[in-house]
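Reproduced below: model39.txt, with compact mmCIF, C-alpha atoms.
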# COMPACT_ATOMS: atom_id res chain seq x y z
CA MET A 858 -64.66 3.86 -151.86
CA LYS A 859 -62.61 4.46 -148.71
CA SER A 860 -65.58 5.26 -146.50
CA LYS A 861 -67.54 2.27 -147.86
CA GLY A 862 -64.71 -0.03 -146.95
CA GLN A 863 -64.50 1.32 -143.40
CA VAL A 864 -68.18 0.70 -142.83
CA SER A 865 -67.80 -2.94 -143.87
CA VAL A 866 -64.88 -3.48 -141.47
CA ASP A 867 -66.94 -1.96 -138.63
CA LEU A 868 -69.68 -4.42 -139.39
CA LEU A 869 -67.24 -7.30 -139.37
CA ILE A 870 -65.84 -6.21 -136.00
CA ALA A 871 -69.38 -5.94 -134.62
CA VAL A 872 -70.24 -9.44 -135.85
CA SER A 873 -66.99 -10.76 -134.39
CA ILE A 874 -67.73 -9.24 -130.98
CA MET A 875 -71.17 -10.82 -131.10
CA VAL A 876 -69.70 -14.24 -131.99
CA LEU A 877 -67.16 -13.91 -129.17
CA THR A 878 -69.92 -13.00 -126.72
CA ILE A 879 -72.01 -16.01 -127.77
CA THR A 880 -68.95 -18.28 -127.51
CA MET A 881 -68.09 -17.09 -124.02
CA ALA A 882 -71.68 -17.25 -122.84
CA SER A 883 -72.12 -20.80 -124.17
CA TYR A 884 -68.77 -21.77 -122.58
CA TYR A 885 -69.95 -20.71 -119.13
CA VAL A 886 -73.38 -22.29 -119.56
CA ILE A 887 -71.91 -25.62 -120.76
CA SER A 888 -69.24 -25.61 -118.02
CA ALA A 889 -71.95 -25.24 -115.41
CA PHE A 890 -73.44 -28.57 -116.52
CA VAL A 891 -70.20 -30.55 -116.97
CA PRO A 892 -70.41 -32.39 -113.61
CA TYR A 893 -73.85 -33.69 -114.52
CA SER A 894 -73.24 -34.58 -118.16
CA GLY A 895 -69.99 -36.55 -118.15
CA ARG A 896 -71.45 -40.04 -118.31
CA ASP A 897 -68.23 -41.43 -119.78
CA ILE A 898 -66.27 -40.04 -116.83
CA ASP A 899 -68.81 -41.48 -114.40
CA LEU A 900 -68.58 -44.93 -115.98
CA GLN A 901 -64.78 -44.89 -115.95
CA ALA A 902 -64.74 -43.83 -112.30
CA SER A 903 -67.24 -46.56 -111.39
CA ALA A 904 -65.18 -49.22 -113.19
CA TYR A 905 -62.06 -47.97 -111.40
CA ARG A 906 -63.80 -48.16 -108.01
CA VAL A 907 -65.09 -51.70 -108.55
CA ALA A 908 -61.68 -52.92 -109.76
CA MET A 909 -60.06 -51.33 -106.71
CA ILE A 910 -62.53 -52.86 -104.23
CA LEU A 911 -62.23 -56.33 -105.74
CA SER A 912 -58.43 -56.38 -106.01
CA GLU A 913 -57.44 -54.49 -102.85
CA ASP A 914 -60.21 -55.19 -100.36
CA GLY A 915 -60.92 -58.45 -98.56
CA GLY A 916 -64.65 -57.86 -98.20
CA LEU A 917 -66.81 -57.35 -95.11
CA TRP A 918 -68.93 -59.78 -93.10
CA TYR A 919 -71.02 -58.36 -90.26
CA VAL A 920 -70.27 -60.14 -87.00
CA SER A 921 -71.51 -57.62 -84.45
CA PRO A 922 -72.09 -53.85 -84.38
CA ASN A 923 -68.39 -53.27 -83.63
CA LEU A 924 -66.88 -56.11 -85.60
CA LEU A 925 -66.64 -56.75 -89.31
CA GLU A 926 -64.47 -59.53 -90.71
CA SER A 927 -63.15 -60.20 -94.16
CA ASN A 928 -63.58 -63.99 -94.21
CA TRP A 929 -66.90 -63.62 -96.00
CA ALA A 930 -66.46 -66.64 -98.31
CA GLU A 931 -66.05 -68.99 -95.35
CA LYS A 932 -69.14 -67.48 -93.72
CA VAL A 933 -71.14 -67.80 -96.94
CA LYS A 934 -70.13 -71.45 -97.07
CA GLU A 935 -71.08 -71.99 -93.40
CA TYR A 936 -74.55 -70.46 -93.70
CA TYR A 937 -75.25 -71.76 -97.22
CA LEU A 938 -74.60 -75.35 -96.08
CA LYS A 939 -76.98 -74.72 -93.17
CA GLY A 940 -79.59 -73.49 -95.66
CA ASP A 941 -79.64 -70.08 -93.95
CA THR A 942 -79.60 -67.66 -96.89
CA ASN A 943 -81.25 -64.91 -94.82
CA THR A 944 -78.14 -64.53 -92.67
CA ILE A 945 -76.01 -64.29 -95.82
CA GLN A 946 -78.30 -61.58 -97.19
CA GLN A 947 -78.07 -59.62 -93.95
CA CYS A 948 -74.42 -60.10 -92.96
CA LEU A 949 -72.59 -59.94 -96.28
CA LYS A 950 -71.80 -56.23 -96.52
CA ARG A 951 -69.10 -56.03 -99.17
CA ILE A 952 -67.27 -58.36 -101.52
CA GLY A 953 -63.51 -58.09 -101.99
CA LEU A 954 -61.25 -60.80 -103.33
CA ALA A 955 -57.92 -59.88 -101.69
CA ASN A 956 -56.29 -62.23 -99.24
CA THR A 957 -55.79 -61.23 -95.66
CA SER A 958 -52.53 -61.90 -93.91
CA THR A 959 -53.12 -64.65 -91.37
CA THR A 960 -49.65 -65.91 -90.61
CA TYR A 961 -46.94 -63.28 -90.96
CA LEU A 962 -48.50 -60.37 -89.13
CA THR A 963 -50.81 -62.03 -86.66
CA LYS A 964 -49.37 -60.08 -83.75
CA LEU A 965 -50.13 -56.85 -85.51
CA SER A 966 -53.49 -57.66 -86.98
CA TYR A 967 -55.00 -60.64 -88.71
CA GLU A 968 -56.98 -58.36 -90.98
CA VAL A 969 -54.08 -56.94 -92.99
CA LYS A 970 -55.11 -57.03 -96.63
CA ILE A 971 -52.71 -58.05 -99.34
CA PRO A 972 -53.63 -56.08 -102.47
CA CYS A 973 -53.56 -57.87 -105.84
CA TYR A 974 -53.05 -61.27 -104.18
CA LEU A 975 -56.44 -62.88 -104.56
CA ASN A 976 -57.86 -65.70 -102.47
CA GLY A 977 -58.51 -68.53 -104.92
CA SER A 978 -57.28 -71.63 -103.15
CA SER A 979 -59.49 -73.26 -100.60
CA LYS A 980 -60.80 -76.70 -99.86
CA TYR A 981 -63.98 -77.59 -101.75
CA ASN A 982 -63.63 -74.44 -103.87
CA TRP A 983 -65.05 -72.10 -101.22
CA SER A 984 -62.44 -69.44 -101.85
CA LYS A 985 -63.39 -65.79 -102.36
CA VAL A 986 -62.73 -65.97 -106.11
CA ASN A 987 -64.66 -69.19 -106.60
CA VAL A 988 -67.61 -68.00 -104.51
CA PHE A 989 -67.73 -64.62 -106.25
CA PHE A 990 -67.91 -66.15 -109.72
CA ASN A 991 -70.48 -68.82 -108.70
CA VAL A 992 -73.65 -67.64 -110.46
CA THR A 993 -75.70 -70.62 -109.25
CA LEU A 994 -74.87 -69.79 -105.65
CA TRP A 995 -75.96 -66.15 -105.97
CA GLU A 996 -79.19 -67.19 -107.72
CA GLN A 997 -80.00 -69.46 -104.80
CA ILE A 998 -79.21 -66.75 -102.24
CA TRP A 999 -80.81 -63.73 -103.91
CA GLY A 1000 -83.17 -65.19 -106.52
CA ASP A 1001 -83.73 -63.40 -109.84
CA ASN A 1002 -82.50 -60.15 -108.35
CA TRP A 1003 -78.95 -61.43 -107.79
CA LYS A 1004 -77.22 -59.18 -110.33
CA GLU A 1005 -78.46 -56.02 -108.65
CA GLU A 1006 -77.68 -57.33 -105.16
CA LEU A 1007 -74.18 -58.27 -106.27
CA ALA A 1008 -73.74 -54.79 -107.73
CA ASN A 1009 -74.51 -53.33 -104.29
CA LEU A 1010 -71.89 -55.58 -102.71
CA ILE A 1011 -69.09 -54.50 -105.05
CA GLY A 1012 -69.75 -50.78 -104.53
CA LEU A 1013 -71.50 -50.18 -107.82
CA ASN A 1014 -75.17 -49.36 -107.43
CA SER A 1015 -76.56 -46.53 -105.37
CA THR A 1016 -80.04 -45.33 -104.58
CA VAL A 1017 -79.76 -42.92 -107.51
CA LYS A 1018 -78.10 -44.95 -110.22
CA ARG A 1019 -78.21 -48.51 -111.53
CA TYR A 1020 -75.39 -49.89 -113.64
CA ARG A 1021 -74.75 -52.97 -115.69
CA TYR A 1022 -71.41 -54.67 -115.27
CA ASN A 1023 -69.26 -57.55 -116.37
CA ILE A 1024 -66.28 -58.73 -114.34
CA SER A 1025 -63.73 -61.35 -115.40
CA ILE A 1026 -60.36 -62.70 -114.44
CA CYS A 1027 -58.35 -63.31 -117.60
CA TYR A 1028 -54.96 -64.63 -118.53
CA MET A 1029 -52.62 -61.88 -119.68
CA ASN A 1030 -53.53 -62.67 -123.30
CA GLY A 1031 -57.16 -61.81 -122.57
CA SER A 1032 -58.78 -65.28 -122.52
CA ILE A 1033 -60.96 -65.90 -119.47
CA VAL A 1034 -59.64 -68.20 -116.72
CA ASP A 1035 -61.97 -71.20 -116.15
CA ASN A 1036 -65.48 -69.75 -115.76
CA TRP A 1037 -64.32 -66.70 -113.83
CA THR A 1038 -66.72 -64.22 -115.34
CA ILE A 1039 -69.91 -62.77 -113.90
CA GLY A 1040 -72.51 -60.08 -114.52
CA TYR A 1041 -74.40 -59.00 -117.59
CA PRO A 1042 -73.30 -60.45 -120.95
CA LEU A 1043 -70.91 -58.31 -122.99
CA TYR A 1044 -71.86 -59.82 -126.34
CA MET A 1045 -74.99 -60.92 -128.13
CA TYR A 1046 -75.38 -62.85 -131.35
CA ARG A 1047 -77.59 -61.62 -134.16
CA ASN A 1048 -77.71 -63.55 -137.46
CA GLY A 1049 -74.50 -65.30 -136.44
CA GLU A 1050 -72.74 -61.99 -135.88
CA LYS A 1051 -71.10 -61.29 -132.51
CA ILE A 1052 -72.15 -57.83 -131.31
CA PHE A 1053 -70.60 -55.94 -128.38
CA ILE A 1054 -73.56 -54.78 -126.28
CA PRO A 1055 -72.45 -51.66 -124.33
CA LYS A 1056 -72.57 -48.51 -126.42
CA GLU A 1057 -70.95 -46.33 -123.77
CA PHE A 1058 -68.92 -48.07 -121.13
CA GLY A 1059 -66.15 -47.66 -118.59
CA LYS A 1060 -63.38 -50.24 -118.40
CA PHE A 1061 -60.63 -50.68 -115.86
CA GLU A 1062 -58.11 -53.44 -115.31
CA ARG A 1063 -55.86 -54.54 -112.48
CA ILE A 1064 -52.99 -57.00 -112.63
CA VAL A 1065 -53.38 -59.67 -109.96
CA VAL A 1066 -52.17 -63.11 -108.94
CA VAL A 1067 -54.38 -65.80 -107.46
CA ASP A 1068 -52.94 -67.80 -104.57
CA SER A 1069 -53.96 -71.08 -106.18
CA ASP A 1070 -51.50 -70.29 -109.00
CA TYR A 1071 -48.67 -68.68 -107.06
CA ASN A 1072 -47.15 -69.09 -103.62
CA PRO A 1073 -44.52 -66.45 -102.83
CA ASP A 1074 -42.81 -68.80 -100.36
CA SER A 1075 -42.13 -71.62 -102.75
CA ASP A 1076 -42.46 -70.44 -106.33
CA SER A 1077 -39.82 -68.73 -108.47
CA SER A 1078 -39.98 -65.48 -110.40
CA ASP A 1079 -40.75 -67.46 -113.58
CA ASP A 1080 -43.80 -68.93 -111.83
CA LEU A 1081 -44.83 -65.46 -110.76
CA ILE A 1082 -44.70 -64.07 -114.30
CA ASN A 1083 -46.73 -67.03 -115.57
CA SER A 1084 -49.25 -66.50 -112.77
CA LEU A 1085 -50.06 -62.89 -113.61
CA ARG A 1086 -53.75 -62.39 -114.40
CA ARG A 1087 -55.93 -59.45 -115.41
CA LEU A 1088 -59.00 -58.48 -113.41
CA VAL A 1089 -61.18 -56.79 -116.03
CA VAL A 1090 -64.19 -54.65 -115.07
CA TYR A 1091 -66.72 -53.26 -117.56
CA VAL A 1092 -69.45 -50.88 -116.37
CA TRP A 1093 -72.24 -49.43 -118.52
CA MET B 1391 -62.57 -4.92 -159.47
CA TYR B 1392 -59.54 -3.15 -160.73
CA GLY B 1393 -57.83 -0.04 -159.38
CA LYS B 1394 -58.54 1.50 -155.98
CA GLU B 1395 -61.89 -0.24 -155.48
CA GLY B 1396 -60.42 -3.68 -156.03
CA GLN B 1397 -57.60 -2.92 -153.64
CA MET B 1398 -60.08 -1.97 -150.88
CA TYR B 1399 -62.15 -5.15 -151.34
CA THR B 1400 -58.98 -7.25 -151.12
CA LEU B 1401 -57.97 -5.47 -147.91
CA GLU B 1402 -61.46 -5.95 -146.47
CA ALA B 1403 -61.45 -9.64 -147.36
CA LEU B 1404 -58.02 -10.05 -145.71
CA ILE B 1405 -59.14 -8.29 -142.51
CA ALA B 1406 -62.37 -10.32 -142.48
CA ALA B 1407 -60.44 -13.57 -142.88
CA LEU B 1408 -58.06 -12.60 -140.04
CA ILE B 1409 -60.94 -11.66 -137.72
CA ILE B 1410 -62.85 -14.87 -138.44
CA PHE B 1411 -59.69 -16.94 -137.98
CA GLY B 1412 -59.03 -15.22 -134.65
CA VAL B 1413 -62.59 -15.77 -133.45
CA VAL B 1414 -62.59 -19.46 -134.44
CA THR B 1415 -59.19 -20.03 -132.78
CA PHE B 1416 -60.38 -18.35 -129.58
CA ALA B 1417 -63.65 -20.30 -129.59
CA ILE B 1418 -61.85 -23.64 -129.96
CA ALA B 1419 -59.34 -22.77 -127.23
CA ALA B 1420 -62.06 -21.56 -124.88
CA SER B 1421 -64.45 -24.49 -125.31
CA PRO B 1422 -64.65 -26.95 -122.38
CA GLN B 1423 -62.27 -29.93 -122.75
CA PHE B 1424 -64.58 -32.91 -122.32
CA GLY B 1425 -61.97 -35.42 -123.48
CA THR B 1426 -59.37 -34.66 -120.81
CA GLU B 1427 -60.71 -37.09 -118.23
CA THR B 1428 -60.53 -40.01 -120.67
CA LYS B 1429 -56.86 -39.22 -121.21
CA GLU B 1430 -56.39 -39.05 -117.44
CA PHE B 1431 -57.97 -42.47 -117.05
CA THR B 1432 -55.56 -43.88 -119.64
CA SER B 1433 -52.67 -42.57 -117.52
CA LEU B 1434 -54.37 -43.88 -114.38
CA GLN B 1435 -54.66 -47.32 -115.97
CA LEU B 1436 -50.92 -47.35 -116.71
CA LYS B 1437 -50.17 -46.11 -113.20
CA LYS B 1438 -52.22 -48.91 -111.67
CA TYR B 1439 -50.54 -51.52 -113.88
CA ALA B 1440 -47.18 -50.25 -112.59
CA ASP B 1441 -48.41 -50.17 -108.96
CA ASP B 1442 -49.76 -53.71 -109.27
CA ILE B 1443 -46.58 -55.16 -110.79
CA LEU B 1444 -44.43 -53.67 -108.01
CA GLU B 1445 -46.98 -54.77 -105.39
CA ILE B 1446 -46.94 -58.36 -106.69
CA LEU B 1447 -43.13 -58.50 -106.97
CA ASP B 1448 -42.94 -57.22 -103.40
CA LEU B 1449 -45.32 -59.82 -101.91
CA GLU B 1450 -44.02 -60.65 -98.46
CA ARG B 1451 -42.80 -64.16 -97.75
CA VAL B 1452 -42.49 -66.00 -94.45
CA ASP B 1453 -38.90 -64.74 -94.07
CA HIS B 1454 -40.21 -61.15 -94.49
CA LYS B 1455 -38.33 -60.79 -97.77
CA SER B 1456 -39.82 -60.53 -101.22
CA LEU B 1457 -38.65 -61.27 -104.76
CA LEU B 1458 -38.07 -57.54 -105.22
CA SER B 1459 -36.13 -56.98 -101.98
CA GLU B 1460 -34.02 -60.07 -102.60
CA TRP B 1461 -33.28 -58.93 -106.15
CA VAL B 1462 -32.20 -55.46 -104.98
CA GLU B 1463 -30.11 -56.85 -102.12
CA SER B 1464 -28.36 -59.35 -104.37
CA GLY B 1465 -27.75 -56.73 -107.07
CA ILE B 1466 -26.23 -54.25 -104.64
CA LYS B 1467 -24.07 -56.86 -102.90
CA ASN B 1468 -22.72 -58.35 -106.13
CA ASN B 1469 -22.70 -55.05 -107.98
CA ASN B 1470 -24.51 -56.92 -110.73
CA PHE B 1471 -28.29 -56.99 -111.14
CA ASP B 1472 -29.97 -59.99 -112.76
CA ASP B 1473 -32.19 -58.84 -115.66
CA THR B 1474 -34.22 -62.06 -115.88
CA ILE B 1475 -37.25 -60.87 -113.89
CA TRP B 1476 -37.59 -57.71 -115.95
CA ASP B 1477 -37.00 -59.57 -119.22
CA ASN B 1478 -40.02 -61.71 -118.40
CA VAL B 1479 -42.19 -58.82 -117.24
CA LYS B 1480 -41.25 -56.78 -120.32
CA ASP B 1481 -42.09 -59.62 -122.74
CA ASN B 1482 -45.40 -60.25 -120.98
CA LEU B 1483 -46.46 -56.59 -121.02
CA ARG B 1484 -45.36 -55.94 -124.57
CA ARG B 1485 -46.93 -59.07 -126.03
CA ASN B 1486 -50.23 -58.92 -124.19
CA LEU B 1487 -50.89 -55.26 -123.40
CA ARG B 1488 -48.65 -53.44 -125.91
CA ILE B 1489 -46.88 -51.67 -123.06
CA MET B 1490 -43.17 -50.80 -122.89
CA MET B 1491 -41.26 -50.44 -119.64
CA HIS B 1492 -38.15 -48.99 -118.03
CA VAL B 1493 -36.83 -49.77 -114.55
CA GLU B 1494 -34.49 -47.81 -112.32
CA VAL B 1495 -33.07 -48.51 -108.89
CA LEU B 1496 -32.04 -45.40 -106.97
CA ASN B 1497 -30.14 -45.12 -103.72
CA PRO B 1498 -31.37 -42.70 -101.01
CA ASN B 1499 -29.22 -39.93 -102.54
CA GLY B 1500 -31.19 -40.20 -105.76
CA ILE B 1501 -28.32 -41.76 -107.72
CA ILE B 1502 -29.36 -44.38 -110.24
CA VAL B 1503 -27.55 -47.63 -109.49
CA TYR B 1504 -29.40 -49.78 -112.05
CA SER B 1505 -31.27 -49.03 -115.22
CA TYR B 1506 -33.15 -51.40 -117.52
CA GLY B 1507 -34.92 -50.90 -120.82
CA PRO B 1508 -35.16 -47.97 -123.23
CA PRO B 1509 -35.39 -44.48 -121.71
CA PRO B 1510 -39.00 -43.51 -120.97
CA PRO B 1511 -40.52 -41.03 -123.41
CA GLU B 1512 -42.33 -37.88 -122.31
CA GLY B 1513 -45.76 -38.91 -121.05
CA ALA B 1514 -44.59 -42.23 -119.60
CA VAL B 1515 -46.24 -43.02 -116.27
CA SER B 1516 -44.16 -44.12 -113.30
CA SER B 1517 -44.67 -45.80 -109.97
CA PHE B 1518 -42.13 -46.48 -107.27
CA ARG B 1519 -41.63 -48.66 -104.26
CA VAL B 1520 -39.14 -48.16 -101.45
CA VAL B 1521 -37.59 -51.53 -100.73
CA PRO B 1522 -35.86 -52.12 -97.40
CA VAL B 1523 -32.69 -54.22 -97.67
CA LYS B 1524 -30.25 -55.64 -95.14
CA ASN B 1525 -26.49 -55.99 -94.99
CA VAL B 1526 -25.71 -53.40 -97.68
CA TYR B 1527 -24.51 -49.79 -97.53
CA HIS B 1528 -27.99 -48.15 -97.57
CA SER B 1529 -30.97 -49.57 -95.70
CA ALA B 1530 -33.49 -48.88 -98.46
CA TYR B 1531 -33.53 -48.39 -102.23
CA GLU B 1532 -36.21 -47.01 -104.51
CA VAL B 1533 -37.36 -49.16 -107.42
CA ARG B 1534 -39.05 -47.02 -110.05
CA LEU B 1535 -41.04 -48.54 -112.91
CA TYR B 1536 -41.99 -46.51 -115.99
CA LEU B 1537 -44.70 -47.71 -118.36
CA TRP B 1538 -45.97 -46.36 -121.67
CA TYR B 1539 -48.05 -47.65 -124.53
CA VAL B 1540 -46.21 -48.77 -127.67
I need this file expressed as structure tokens, please.
Amino acid sequence: MKSKGQVSVDLLIAVSIMVLTITMASYYVISAFVPYSGRDIDLQASAYRVAMILSEDGGLWYVSPNLLESNWAEKVKEYYLKGDTNTIQQCLKRIGLANTSTTYLTKLSYEVKIPCYLNGSSKYNWSKVNVFFNVTLWEQIWGDNWKEELANLIGLNSTVKRYRYNISICYMNGSIVDNWTIGYPLYMYRNGEKIFIPKEFGKFERIVVVDSDYNPDSDSSDDLINSLRRLVVYVW
Amino acid sequence: MYGKEGQMYTLEALIAALIIFGVVTFAIAASPQFGTETKEFTSLQLKKYADDILEILDLERVDHKSLLSEWVESGIKNNNFDDTIWDNVKDNLRRNLRIMMHVEVLNPNGIIVYSYGPPPPEGAVSSFRVVPVKNVYHSAYEVRLYLWYV
């Protein structure tokens, strides 16, 4: 009986070594493909990047080979009212919603960005926020292809990958401010049931204030707290 | 199954169970951790919330001061910090995002001169901002904001 038992334990050890070998081999093989298989990670990173560009960057308008300015909404207004959509297509290089400092630091630079302080107040609603969320305007500039063109301008699409996105500015409780939402729909209705469309998605949020709601020079801390908004980015 | 033979089978079964348990434990520990990045993004989200709140409170005004710098300066001068701003921020974050917060103000020697809210648990994410102030003992103080999900 003793020798029989020993043989069985040997077999078990052999099987265990084999299982360990397979485990280690599969570990190295799977690890080799991790950078190419993490779609969730890629979507999260893309959502993070878009949220960062929109909340921290002022955008870029091509003026000349050595000069790019961030007053893109004013330029869009100027050329749109002239009926010159070609110039908008060519010169609008990136969309960002952050204000630029134009009064306090003019001696240093008039292109100092103010992160999380979005440009929403402007005469005739031609602020960066209002222009960005104006679907009709983008349709007239880019035609049916506007969603893809807009994706390029917010740092989302590349030559390799195409994403769907939905971007909103919400109150802190999650309800959308005015009509400040753009992109592909997040929900669809089937038999009266509201269905969330993205199966895998990346989501990132930033806390922002819009200058039409809050003026640091005149408003109190209570006004500031009531003016906090959420910039919500979904990518899938 | 009785006597010596039974004893050997029991021993074999025990050894087999131990070996299999060891192999399974090793395999789980050695497998690639695909979920780690998602956890990192959760921390990153909290970090950015904290960054943004401090950034917004520190928005520069025409007089080159901000709500945050004025609050620190007043608190240091009067040796009494007003909690109102943080009460409002705390309520807003807790109600809408289910986030808790803790605030500290530290002098350049690292000594905490003001503390607000419950102590941050392990895993809380923090962000800080160095706020320049005038007419007080030190020329700058660090405001540190800790956030964590409820």
### Task
Rank nothing, just name the residue among B:Ser1459, B:Ser1517, B:Ser1505, B:Gln1435 nearest to chain A, using all atoms listed in the file.
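Going through B:Ser1459, B:Ser1517, B:Ser1505, B:Gln1435 one by one, the smallest distance to chain A is for B:Gln1435.
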### Message
Counting all atoms listed in the file, find residues at most 12 Å from (-68.3, -58.9, -90.3) (file frame) and give them as a list in words.
### Response
Gly915, Gly916, Leu917, Trp918, Tyr919, Val920, Ser921, Pro922, Asn923, Leu924, Leu925, Glu926, Ser927, Asn928, Trp929, Ala930, Glu931, Lys932, Val933, Thr944, Ile945, Gln947, Cys948, Leu949, Lys950, Arg951, Ile952 and Glu968 of chain A
### Task
With a distance threshold of 6 Å and counting all atoms listed in the file, extract the residues of chain A near chain B and express them as a ChimeraX atom specification.
/A:884,1029-1030,1064,1073-1074
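With atom CA of A:Glu996 on one side and atom CA of A:Cys1027 on the other, the separation reads 23.4 Å.
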### Query
Do you have the atom CA of A:Glu1005-atom CA of A:Gly977 distance handy?
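Pair atom CA of A:Glu1005 / atom CA of A:Gly977 returns 23.8 Å.
Atom pair atom CA of A:Ser1069 / atom CA of B:Val1520: separated by 27.7 Å.
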### Query
Got a sec to check which residues sit within 6 Å of (-74.9, -48.8, -121.3), counting only C-alpha atoms, and write them as a PyMOL selection string?
chain A and resi 1055-1057+1093
### Task
Can you pull out every residue within 10 Å of B:Gly1500, counting all atoms listed in the file, but drop anything in the same chain fewer than 4 positions away, and send it as a list in words?
Val1495, Leu1496, Tyr1531 and Glu1532 of chain B
## Note on the structure
Of A:Trp1037, A:Tyr1028, A:Pro1042, A:Ser903, the one sitting nearest A:Ile1082 when using all atoms listed in the file is A:Tyr1028
### Message
Give me the residues near A:Tyr905 as a VMD selection string, where near means some atom within 7 Å (using all atoms listed in the file) and where sequence neighbours in that chain fewer than 4 positions away do not count.
### Response
chain A and resid 901 909 1061
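Closest to A:Val1065 among A:Ser1084, A:Ser984, A:Thr1016, A:Thr1038 is A:Ser1084, based on all atoms listed in the file.
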### Task
May I ask which of the residues B:Ser1529, B:Thr1415, B:Ser1516, B:Thr1400 is the closest one to B:Pro1498, counting only C-alpha atoms?
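Residue with the minimum atom-to-atom distance to B:Pro1498: B:Ser1529.
Counting only C-alpha atoms, B:Ile1489 has the following residues at most 6 Å away, ignoring those fewer than 6 positions along the same chain: Leu1483, Trp1538, Tyr1539 and Val1540 of chain B.
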